[in-house]
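Q: Sharing run_17.txt (compact mmCIF, C-alpha atoms) below.
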```
# COMPACT_ATOMS: atom_id res chain seq x y z
CA MET Z 18 48.96 117.69 77.54
CA ARG Z 19 51.26 119.16 74.89
CA ASP Z 20 52.05 117.12 71.80
CA MET Z 21 55.09 114.91 72.10
CA THR Z 22 58.07 116.23 70.14
CA ARG Z 23 60.37 114.10 68.02
CA ALA Z 24 63.17 114.50 70.62
CA ASP Z 25 60.84 113.36 73.39
CA ALA Z 26 59.79 110.32 71.39
CA GLN Z 27 63.41 109.48 70.53
CA ASP Z 28 64.28 109.68 74.20
CA LEU Z 29 61.54 107.21 75.03
CA LEU Z 30 62.34 104.59 72.40
CA PRO Z 31 64.16 102.25 74.82
CA ASP Z 32 61.22 102.54 77.23
CA LEU Z 33 58.86 101.63 74.41
CA LEU Z 34 61.11 98.66 73.66
CA HIS Z 35 60.91 97.43 77.27
CA GLY Z 36 57.21 98.12 77.72
CA ARG Z 37 57.80 100.73 80.39
CA LEU Z 38 55.41 103.35 79.01
CA SER Z 39 51.85 104.03 80.04
CA ASP Z 40 49.16 103.46 77.44
CA ALA Z 41 48.92 107.20 76.75
CA GLU Z 42 52.71 107.61 76.38
CA ARG Z 43 52.99 104.59 74.15
CA ALA Z 44 50.23 105.90 71.88
CA GLU Z 45 51.98 109.27 71.60
CA VAL Z 46 55.39 107.74 70.81
CA GLU Z 47 53.85 105.42 68.23
CA ARG Z 48 52.06 108.38 66.66
CA VAL Z 49 55.38 110.24 66.25
CA ILE Z 50 57.15 107.16 64.91
CA ALA Z 51 54.41 106.56 62.35
CA SER Z 52 55.26 109.85 60.69
CA ASP Z 53 59.08 109.63 61.07
CA LEU Z 54 60.91 106.91 59.15
CA ASP Z 55 64.23 107.74 60.79
CA LEU Z 56 62.78 107.16 64.25
CA ALA Z 57 61.21 103.92 63.07
CA ALA Z 58 64.64 102.81 61.82
CA GLU Z 59 66.19 103.72 65.18
CA LEU Z 60 63.58 101.67 67.02
CA SER Z 61 64.32 98.73 64.72
CA LEU Z 62 68.04 99.11 65.41
CA LEU Z 63 67.43 99.17 69.15
CA GLU Z 64 65.42 95.95 68.88
CA ARG Z 65 68.28 94.26 67.05
CA VAL Z 66 70.90 95.54 69.50
CA GLN Z 67 68.81 94.23 72.38
CA ALA Z 68 68.41 90.85 70.69
CA ALA Z 69 72.13 90.66 69.96
CA HIS Z 70 72.92 91.22 73.63
CA ALA Z 71 70.10 89.10 75.04
CA ALA Z 72 72.34 86.09 75.61
CA SER Z 73 73.94 86.09 79.01
CA PRO Z 74 76.43 83.87 80.83
CA VAL Z 75 74.91 80.84 82.51
CA VAL Z 76 74.13 81.58 86.11
CA ASN Z 77 73.56 78.83 88.65
CA MET Z 78 70.53 80.22 90.46
CA SER Z 79 70.45 77.45 93.08
CA ARG Z 80 74.03 78.14 94.10
CA ILE Z 81 73.30 81.83 94.48
CA VAL Z 82 70.15 81.22 96.51
CA ALA Z 83 72.03 78.76 98.73
CA ALA Z 84 74.66 81.40 99.45
CA LEU Z 85 72.10 83.97 100.59
CA PRO Z 86 71.48 84.77 104.24
CA THR Z 87 68.39 83.26 105.84
CA ALA Z 88 65.21 85.32 105.76
CA PRO Z 89 65.11 87.43 108.96
CA ALA Z 90 62.00 85.92 110.57
CA GLN Z 91 63.31 82.39 109.98
CA LYS Z 92 66.47 82.92 111.92
CA PRO Z 93 66.40 80.52 114.89
CA VAL Z 94 65.86 82.25 118.20
CA ILE Z 95 68.78 81.06 120.31
CA ALA Z 96 69.92 82.91 123.39
CA THR Z 97 73.39 84.15 122.67
CA PRO Z 98 76.07 83.12 125.15
CA PRO Z 99 76.10 86.49 126.95
CA VAL Z 100 72.33 86.39 127.48
CA ALA Z 101 72.36 82.73 128.50
CA GLY Z 102 75.23 83.49 130.87
CA GLN Z 103 73.30 86.37 132.39
CA ILE Z 104 70.28 84.14 132.97
CA ASP Z 105 72.41 81.47 134.67
CA GLU Z 106 74.12 84.11 136.77
CA LEU Z 107 70.78 85.54 137.88
CA ALA Z 108 69.47 82.07 138.77
CA ALA Z 109 72.61 81.33 140.77
CA ARG Z 110 72.33 84.64 142.60
CA ARG Z 111 68.72 83.90 143.54
CA THR Z 112 69.61 80.42 144.78
CA MET Z 113 72.48 81.80 146.83
CA ALA Z 114 70.29 84.54 148.23
CA ARG Z 115 67.65 82.05 149.29
CA ALA Z 116 70.09 79.50 150.72
CA PRO Z 117 70.90 81.23 154.06
CA ARG Z 118 67.23 81.84 154.80
CA PHE Z 119 66.37 78.21 153.93
CA PHE Z 120 69.14 76.72 156.04
CA GLY Z 121 68.31 79.17 158.84
CA LEU Z 122 64.74 77.90 158.90
CA VAL Z 123 65.96 74.29 158.96
CA ARG Z 124 68.30 75.03 161.83
CA ALA Z 125 65.56 76.87 163.74
CA ALA Z 126 63.16 73.97 163.21
CA ALA Z 127 65.81 71.51 164.43
CA VAL Z 128 66.45 73.55 167.56
CA LEU Z 129 62.74 73.83 168.30
CA LEU Z 130 62.28 70.07 167.82
CA VAL Z 131 65.15 69.31 170.18
CA LEU Z 132 63.75 71.65 172.81
CA GLY Z 133 60.19 70.44 172.33
CA GLY Z 134 61.27 66.79 172.38
CA GLY Z 135 63.25 67.35 175.55
CA ALA Z 136 60.24 68.91 177.19
CA VAL Z 137 58.05 65.93 176.22
CA ILE Z 138 60.56 63.44 177.60
CA ALA Z 139 60.87 65.44 180.80
CA THR Z 140 57.08 65.47 181.27
CA ARG Z 141 56.67 61.74 180.68
CA ASN Z 142 59.59 60.81 182.89
CA PRO Z 143 59.21 63.02 185.93
CA PRO Z 144 62.30 63.32 188.07
CA ALA Z 145 62.61 61.52 191.37
CA PRO Z 146 61.12 63.40 194.29
CA ASP Z 147 64.53 64.00 195.71
CA ALA Z 148 65.93 65.26 192.55
CA PRO Z 149 66.58 68.99 192.36
CA VAL Z 150 63.93 70.91 190.49
CA ALA Z 151 65.03 73.49 187.99
CA THR Z 152 63.63 76.80 188.96
CA GLY Z 153 64.26 78.55 185.71
CA ALA Z 154 65.41 78.05 182.14
CA PRO Z 155 69.09 77.49 181.99
CA ALA Z 156 71.14 80.12 180.25
CA GLU Z 157 72.07 77.60 177.54
CA SER Z 158 68.39 76.92 176.82
CA LEU Z 159 67.64 80.61 176.53
CA ALA Z 160 70.55 81.05 174.19
CA LEU Z 161 69.22 78.24 172.01
CA ILE Z 162 65.75 79.77 171.95
CA ALA Z 163 67.24 83.11 171.05
CA GLU Z 164 69.18 81.49 168.24
CA ALA Z 165 66.11 79.61 167.05
CA VAL Z 166 64.00 82.74 166.98
CA GLN Z 167 66.73 84.68 165.24
CA LEU Z 168 67.30 82.00 162.63
CA GLY Z 169 63.66 81.23 162.09
CA LEU Z 170 62.32 84.73 161.97
CA GLY Z 171 65.38 86.37 160.62
CA ALA Z 172 65.07 88.98 163.35
CA PRO Z 173 67.58 89.85 166.03
CA THR Z 174 66.79 88.70 169.57
CA ASP Z 175 69.21 90.94 171.38
CA ASP Z 176 66.43 93.26 172.37
CA LEU Z 177 64.22 90.49 173.86
CA THR Z 178 64.03 90.36 177.61
CA VAL Z 179 64.53 87.18 179.63
CA GLU Z 180 60.79 87.15 180.30
CA GLN Z 181 60.00 87.30 176.62
CA LEU Z 182 62.39 84.45 175.92
CA ARG Z 183 60.82 82.40 178.71
CA ALA Z 184 57.41 83.08 177.25
CA LEU Z 185 58.71 81.71 174.00
CA GLU Z 186 60.02 78.69 175.86
CA GLY Z 187 56.55 78.22 177.36
CA ASP Z 188 55.06 78.35 173.92
CA ILE Z 189 57.41 75.62 172.83
CA GLU Z 190 56.48 73.48 175.80
CA ALA Z 191 52.83 73.99 174.99
CA LEU Z 192 53.52 72.22 171.72
CA ASP Z 193 53.33 69.02 173.75
CA GLY Z 194 49.60 69.61 174.06
CA GLN Z 195 49.22 69.14 170.35
CA PRO Z 196 48.25 65.69 169.11
CA SER Z 197 51.23 63.50 168.55
CA ALA Z 198 51.79 61.88 165.22
CA GLU Z 199 52.30 58.61 167.06
CA PRO Z 200 49.33 57.82 169.34
CA ASP Z 201 49.90 56.64 172.88
CA ALA Z 202 49.60 52.92 173.52
CA ILE Z 203 46.11 51.77 174.51
CA PRO Z 204 46.44 49.89 177.81
CA HIS Z 205 43.64 47.33 177.26
CA LEU Z 206 45.22 46.20 173.97
CA THR Z 207 48.76 46.02 175.20
CA ASP Z 208 48.33 44.58 178.64
CA GLY Z 209 46.92 41.30 177.27
CA THR Z 210 43.57 41.53 179.06
CA GLY Z 211 41.57 42.42 176.03
CA ALA Z 212 38.93 44.00 178.22
CA MET E 5 81.61 79.53 78.54
CA ALA E 6 78.12 78.32 77.80
CA VAL E 7 75.49 80.93 77.37
CA VAL E 8 71.76 81.06 77.27
CA GLY E 9 69.39 83.43 75.63
CA LYS E 10 66.19 82.05 77.02
CA PRO E 11 63.74 84.29 78.82
CA LEU E 12 63.68 84.04 82.57
CA ASN E 13 61.56 81.37 84.11
CA ILE E 14 60.16 82.55 87.42
CA ALA E 15 61.36 80.02 89.96
CA PRO E 16 60.35 76.80 88.25
CA GLU E 17 61.19 74.78 91.34
CA LEU E 18 58.74 76.69 93.52
CA PRO E 19 55.49 75.06 94.65
CA SER E 20 52.71 75.59 92.14
CA ALA E 21 50.50 77.54 94.58
CA TYR E 22 53.33 79.94 95.27
CA GLN E 23 54.10 80.20 91.57
CA THR E 24 50.47 81.07 90.88
CA GLU E 25 50.58 83.70 93.59
CA MET E 26 53.74 85.14 92.09
CA THR E 27 52.24 85.11 88.62
CA ASP E 28 49.24 87.05 89.90
CA LEU E 29 51.55 89.53 91.57
CA ILE E 30 53.53 89.96 88.38
CA ARG E 31 50.36 90.55 86.38
CA ALA E 32 49.11 93.08 88.90
CA GLY E 33 52.11 95.34 89.36
CA ASP E 34 55.10 96.91 87.70
CA ASP E 35 58.67 95.72 88.26
CA ALA E 36 59.31 97.97 91.25
CA GLU E 37 56.06 96.90 92.93
CA ILE E 38 56.85 93.24 92.42
CA ASP E 39 60.32 93.70 93.89
CA ARG E 40 58.95 95.60 96.87
CA ALA E 41 56.38 92.87 97.50
CA LEU E 42 59.04 90.16 97.28
CA ILE E 43 61.38 92.06 99.60
CA ALA E 44 58.52 92.43 102.11
CA ARG E 45 57.87 88.69 101.89
CA TRP E 46 61.55 87.90 102.41
CA THR E 47 61.91 90.23 105.38
CA GLY E 48 58.77 88.55 106.72
CA GLY E 49 60.56 85.22 106.68
CA ASP E 50 59.61 83.80 103.28
CA GLN E 51 62.82 82.34 101.87
CA ARG E 52 61.08 81.51 98.58
CA ALA E 53 60.90 85.23 97.86
CA ALA E 54 64.70 85.24 97.73
CA SER E 55 64.59 82.61 94.99
CA ALA E 56 62.07 84.68 93.07
CA LEU E 57 64.23 87.82 93.36
CA VAL E 58 67.31 85.95 92.17
CA GLU E 59 65.33 84.50 89.27
CA ARG E 60 64.14 87.96 88.30
CA HIS E 61 67.51 89.71 88.29
CA ALA E 62 70.39 87.22 88.09
CA GLN E 63 70.63 86.96 84.34
CA SER E 64 70.39 90.65 83.58
CA LEU E 65 73.03 91.20 86.26
CA ALA E 66 75.25 88.56 84.67
CA ARG E 67 74.76 90.22 81.29
CA PHE E 68 75.65 93.62 82.71
CA VAL E 69 78.72 92.28 84.50
CA ALA E 70 79.82 90.54 81.30
CA SER E 71 79.37 93.79 79.40
CA LEU E 72 81.84 95.38 81.80
CA GLY E 73 84.41 92.84 80.63
CA VAL E 74 84.19 90.39 83.54
CA LEU E 75 82.79 87.48 81.60
CA PRO E 76 84.95 84.66 83.06
CA ALA E 77 84.07 85.57 86.65
CA SER E 78 80.64 87.05 86.08
CA GLU E 79 78.83 84.37 88.09
CA GLU E 80 80.99 85.03 91.14
CA VAL E 81 80.30 88.75 90.84
CA VAL E 82 76.57 88.08 90.49
CA GLN E 83 76.59 85.83 93.55
CA ASP E 84 78.60 88.34 95.59
CA THR E 85 76.17 91.04 94.50
CA PHE E 86 73.17 89.13 95.79
CA VAL E 87 74.90 88.14 99.03
CA LYS E 88 75.85 91.76 99.65
CA ALA E 89 72.38 93.00 98.72
CA PHE E 90 70.51 90.49 100.89
CA GLY E 91 72.86 91.25 103.74
CA SER E 92 71.42 94.76 103.88
CA LEU E 93 68.05 94.22 102.21
CA GLU E 94 66.21 95.09 105.41
CA SER E 95 67.69 98.57 105.20
CA PHE E 96 66.84 98.97 101.49
CA ARG E 97 64.76 102.14 101.43
CA GLY E 98 63.53 101.86 97.88
CA GLU E 99 64.77 105.31 96.84
CA SER E 100 65.94 103.69 93.62
CA SER E 101 64.65 100.49 92.09
CA LEU E 102 66.00 97.20 93.39
CA ARG E 103 67.41 96.51 89.95
CA ALA E 104 69.34 99.78 89.90
CA TRP E 105 70.59 99.03 93.41
CA LEU E 106 71.78 95.57 92.37
CA PHE E 107 73.51 96.97 89.32
CA THR E 108 75.20 99.59 91.48
CA ILE E 109 76.53 96.92 93.85
CA ALA E 110 77.72 94.77 90.92
CA ARG E 111 79.47 97.74 89.34
CA ARG E 112 81.25 98.55 92.60
CA LEU E 113 82.35 94.94 92.96
CA VAL E 114 83.77 95.01 89.44
CA LEU E 115 85.61 98.25 90.14
CA ASP E 116 86.94 96.79 93.42
CA GLN E 117 88.20 93.76 91.50
CA ARG E 118 89.90 96.08 89.06
CA ARG E 119 91.53 98.03 91.87
CA SER E 120 92.78 94.79 93.41
CA ALA E 121 94.11 93.70 90.05
CA HIS E 122 95.79 97.09 89.71
CA ARG E 123 97.52 96.62 93.04
CA MET E 124 98.73 93.26 91.75
CA ARG E 125 100.03 94.99 88.59
CA LEU E 126 97.29 93.36 86.57
CA HIS E 127 95.44 96.60 86.18
CA VAL E 128 92.45 96.80 83.88
CA SER E 129 90.48 99.96 84.57
CA LEU E 130 86.91 100.50 83.50
CA GLU E 131 87.96 103.36 81.25
CA ASP E 132 91.11 101.81 79.81
CA ALA E 133 90.17 98.16 79.56
CA PRO E 134 91.84 96.56 76.56
CA SER E 135 89.64 95.72 73.64
CA GLU E 136 90.08 91.96 74.02
CA LEU E 137 88.44 92.12 77.45
CA ILE E 138 85.71 94.54 76.49
CA ALA E 139 85.07 92.47 73.42
CA ALA E 140 84.66 89.40 75.62
CA ASP E 141 81.14 89.24 74.24
CA ASP E 142 82.87 87.60 71.29
CA VAL E 143 82.76 84.44 73.37
CA LEU E 144 79.03 84.54 72.86
CA ASP E 145 79.52 84.08 69.14
CA GLY E 146 79.68 80.32 69.56
CA VAL E 147 76.00 80.31 70.45
CA VAL E 148 74.68 83.34 68.65
CA ALA E 149 76.44 82.61 65.38
CA ASP E 150 74.91 85.47 63.53
CA GLU E 151 77.04 87.83 61.49
CA SER E 152 74.73 90.77 61.93
CA ALA E 153 74.44 90.15 65.66
CA ALA E 154 78.23 90.04 65.92
CA ARG E 155 78.45 93.29 64.01
CA LEU E 156 75.92 94.92 66.34
CA ARG E 157 77.97 93.80 69.34
CA ASP E 158 81.07 95.19 67.70
CA ALA E 159 79.26 98.49 67.24
CA VAL E 160 78.59 98.62 70.97
CA ALA E 161 82.04 97.36 71.89
CA GLN E 162 83.72 100.25 70.07
CA LEU E 163 81.99 102.82 72.28
CA THR E 164 83.86 104.46 75.12
CA ALA E 165 83.46 102.65 78.44
CA THR E 166 80.99 105.21 79.79
CA GLN E 167 78.96 105.32 76.59
CA ARG E 168 78.88 101.54 76.44
CA GLU E 169 77.78 101.24 80.04
CA VAL E 170 75.01 103.81 79.67
CA PHE E 171 73.89 102.46 76.29
CA THR E 172 73.80 98.86 77.56
CA LEU E 173 71.83 99.80 80.67
CA ARG E 174 69.38 101.83 78.62
CA VAL E 175 68.86 99.57 75.60
CA VAL E 176 69.62 96.05 76.81
CA GLU E 177 68.43 96.33 80.42
CA GLY E 178 65.80 99.01 79.96
CA LEU E 179 66.84 101.22 82.86
CA SER E 180 65.58 104.79 83.02
CA TYR E 181 68.01 107.70 82.95
CA ARG E 182 67.37 108.19 86.62
CA GLU E 183 68.31 104.57 87.39
CA ILE E 184 71.36 104.81 85.16
CA ALA E 185 72.44 107.93 87.02
CA VAL E 186 72.31 105.95 90.28
CA VAL E 187 74.20 102.97 88.88
CA ALA E 188 76.89 104.95 87.07
CA SER E 189 77.25 107.64 89.75
CA THR E 190 76.33 110.42 87.36
CA THR E 191 73.39 112.72 86.63
CA GLU E 192 70.29 112.05 84.59
CA GLY E 193 71.32 114.77 82.14
CA ALA E 194 74.79 113.31 81.68
CA ALA E 195 73.31 109.84 81.20
CA ARG E 196 70.98 111.19 78.50
CA VAL E 197 73.86 112.87 76.67
CA HIS E 198 76.00 109.70 76.85
CA TYR E 199 73.11 107.65 75.49
CA HIS E 200 72.46 109.89 72.47
CA ASN E 201 76.17 110.16 71.69
CA ALA E 202 76.41 106.37 71.88
CA MET E 203 73.39 105.99 69.60
CA ARG E 204 74.98 108.26 66.98
CA SER E 205 78.25 106.37 67.24
CA VAL E 206 76.59 102.96 66.81
CA ARG E 207 74.65 104.13 63.78
CA ALA E 208 77.78 105.64 62.25
CA TYR E 209 79.68 102.37 62.83
CA LEU E 210 76.97 100.31 61.17
CA ASP E 211 76.59 102.74 58.25
CA ALA E 212 80.31 102.77 57.54
```
Please lay out the structure from this file as structure tokens.
A:
Amino acid sequence: MRDMTRADAQDLLPDLLHGRLSDAERAEVERVIASDLDLAAELSLLERVQAAHAASPVVNMSRIVAALPTAPAQKPVIATPPVAGQIDELAARRTMARAPRFFGLVRAAAVLLVLGGGAVIATRNPPAPDAPVATGAPAESLALIAEAVQLGLGAPTDDLTVEQLRALEGDIEALDGQPSAEPDAIPHLTDGTGA
Amino acid sequence: MAVVGKPLNIAPELPSAYQTEMTDLIRAGDDAEIDRALIARWTGGDQRAASALVERHAQSLARFVASLGVLPASEEVVQDTFVKAFGSLESFRGESSLRAWLFTIARRLVLDQRRSAHRMRLHVSLEDAPSELIAADDVLDGVVADESAARLRDAVAQLTATQREVFTLRVVEGLSYREIAVVASTTEGAARVHYHNAMRSVRAYLDA
């Protein structure tokens, strides 16, 4: 490293004053000053100028800090109205999309219960011997089955044949073979014999 | 206006553990490193780092703003400076020191005020400010009642606006020529020339 010149040292006097020099730089500047009275006088003047200007207007730190924006990571995470609106809209869309399917299933179940219930009643209360016996499913019944299948499965029934619809009707009637939620009355308990 | 000449106290209201941590940080690094660490803490959500940054720079900013002749409203300028700075602190790239950046913002705010005043026919430009405003440091005499100190301030006050700005930043605030160049929108070479011319002028004033 070349020796520090007087001009270099003079340039660095304010840095020496503020302690902004490395140990090596400070030693070099001090070495130059030690042999130059004029530079020593300039350093002394700078110290006095700094001291004369050290006073500063009173600053209310608390007021300044209070006016500052919040630190980024502390900002509360709140969904902005557009985002919240989008979420609500999506939820509403989903509900609306599910609604027809849900109500379709309810309607299909209701139709099947009506048909199944009718079949049960018809079995337990057989018609009089002279009553006319239906030889086939009425057109209205088939239409109801078709509607039930369409609503319940969400599939069209236009392409089902009459035989297929009747098979479905048979399946519904077979439901009667399933255990009832309400057991049949037990004769020996209800007829008063107790036997 | 009341003035103080006390050294800065680093966030006296901060919890002692945090203060200890800050003290360790200050011992370990230089000014720029400390500022970078505090900025990182603030961007990480530590609001106390903001207090520490304000504590570190508010008074030197107020002093600088006052030296530009804005003594009566210096606190407002200082506050606006910090608000503006913290508003874009996340984008601060550290190409210059935080201190130089703050001084640059403060200087622009002062110039904007001057332009507004000019539009209202109350013009006081940085270059042509009347001596009574530039010599507003005289207000400080009430506290620093020292004849020689007053004379030293007069010596600085008689400099041209550019010389005074560069000289103040270099001697009172300890900025490097590079930082001064950023603050005063000039070059390092020009800042150096202004400083040495100012130094000669101050010495000549005091020797007269």
Q: Residues of chain E within 7 Å of chain Z: nearest atom pair and distance (Å, one decimal) for each, counting only C-alpha atoms, sorted by chain and number, as CSV?
A:
```
residue,atom,partner,partner_atom,distance
E:Ala6,CA,Z:Val75,CA,6.2
E:Val7,CA,Z:Pro74,CA,4.6
E:Val8,CA,Z:Ala72,CA,5.3
E:Gly9,CA,Z:Ala72,CA,4.0
E:Trp46,CA,Z:Ala88,CA,5.6
E:Thr47,CA,Z:Pro89,CA,5.6
E:Gly48,CA,Z:Ala90,CA,5.7
E:Gly49,CA,Z:Ala90,CA,4.2
E:Asp50,CA,Z:Ala88,CA,6.3
E:Gln51,CA,Z:Ala88,CA,5.5
E:Ala54,CA,Z:Val82,CA,6.9
E:Ser55,CA,Z:Val82,CA,5.9
E:Val58,CA,Z:Met78,CA,6.8
E:Glu59,CA,Z:Met78,CA,6.8
E:Gln63,CA,Z:Ser73,CA,6.3
E:Ala66,CA,Z:Pro74,CA,6.2
E:Arg67,CA,Z:Ser73,CA,4.8
E:Glu79,CA,Z:Val76,CA,5.8
E:Gln83,CA,Z:Ile81,CA,5.3
E:Val87,CA,Z:Leu85,CA,5.3
E:Phe90,CA,Z:Pro86,CA,6.7
E:Gly91,CA,Z:Pro86,CA,6.6
E:Ala153,CA,Z:Ala69,CA,4.9
E:Leu156,CA,Z:Val66,CA,6.0
E:Arg157,CA,Z:Ala69,CA,6.7
E:Arg174,CA,Z:Pro31,CA,6.5
E:Val175,CA,Z:Pro31,CA,5.5
E:Val176,CA,Z:Gln67,CA,4.9
E:Gly178,CA,Z:His35,CA,5.8
```
Q: So how far away is CA of His200 in chain E from CA of Ala58 in chain Z, in Å?
A: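 Distance reported for this atom pair: 15.0 Å.
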Q: Between CA of Val187 in chain E and CA of Ile50 in chain Z, what is the distance, to one decimal in Å?
A: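 Going from CA of Val187 in chain E over to CA of Ile50 in chain Z, I get 29.7 Å.
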Q: So how far away is CA of Met21 in chain Z from CA of Val160 in chain E, in Å?
A: 28.6 Å
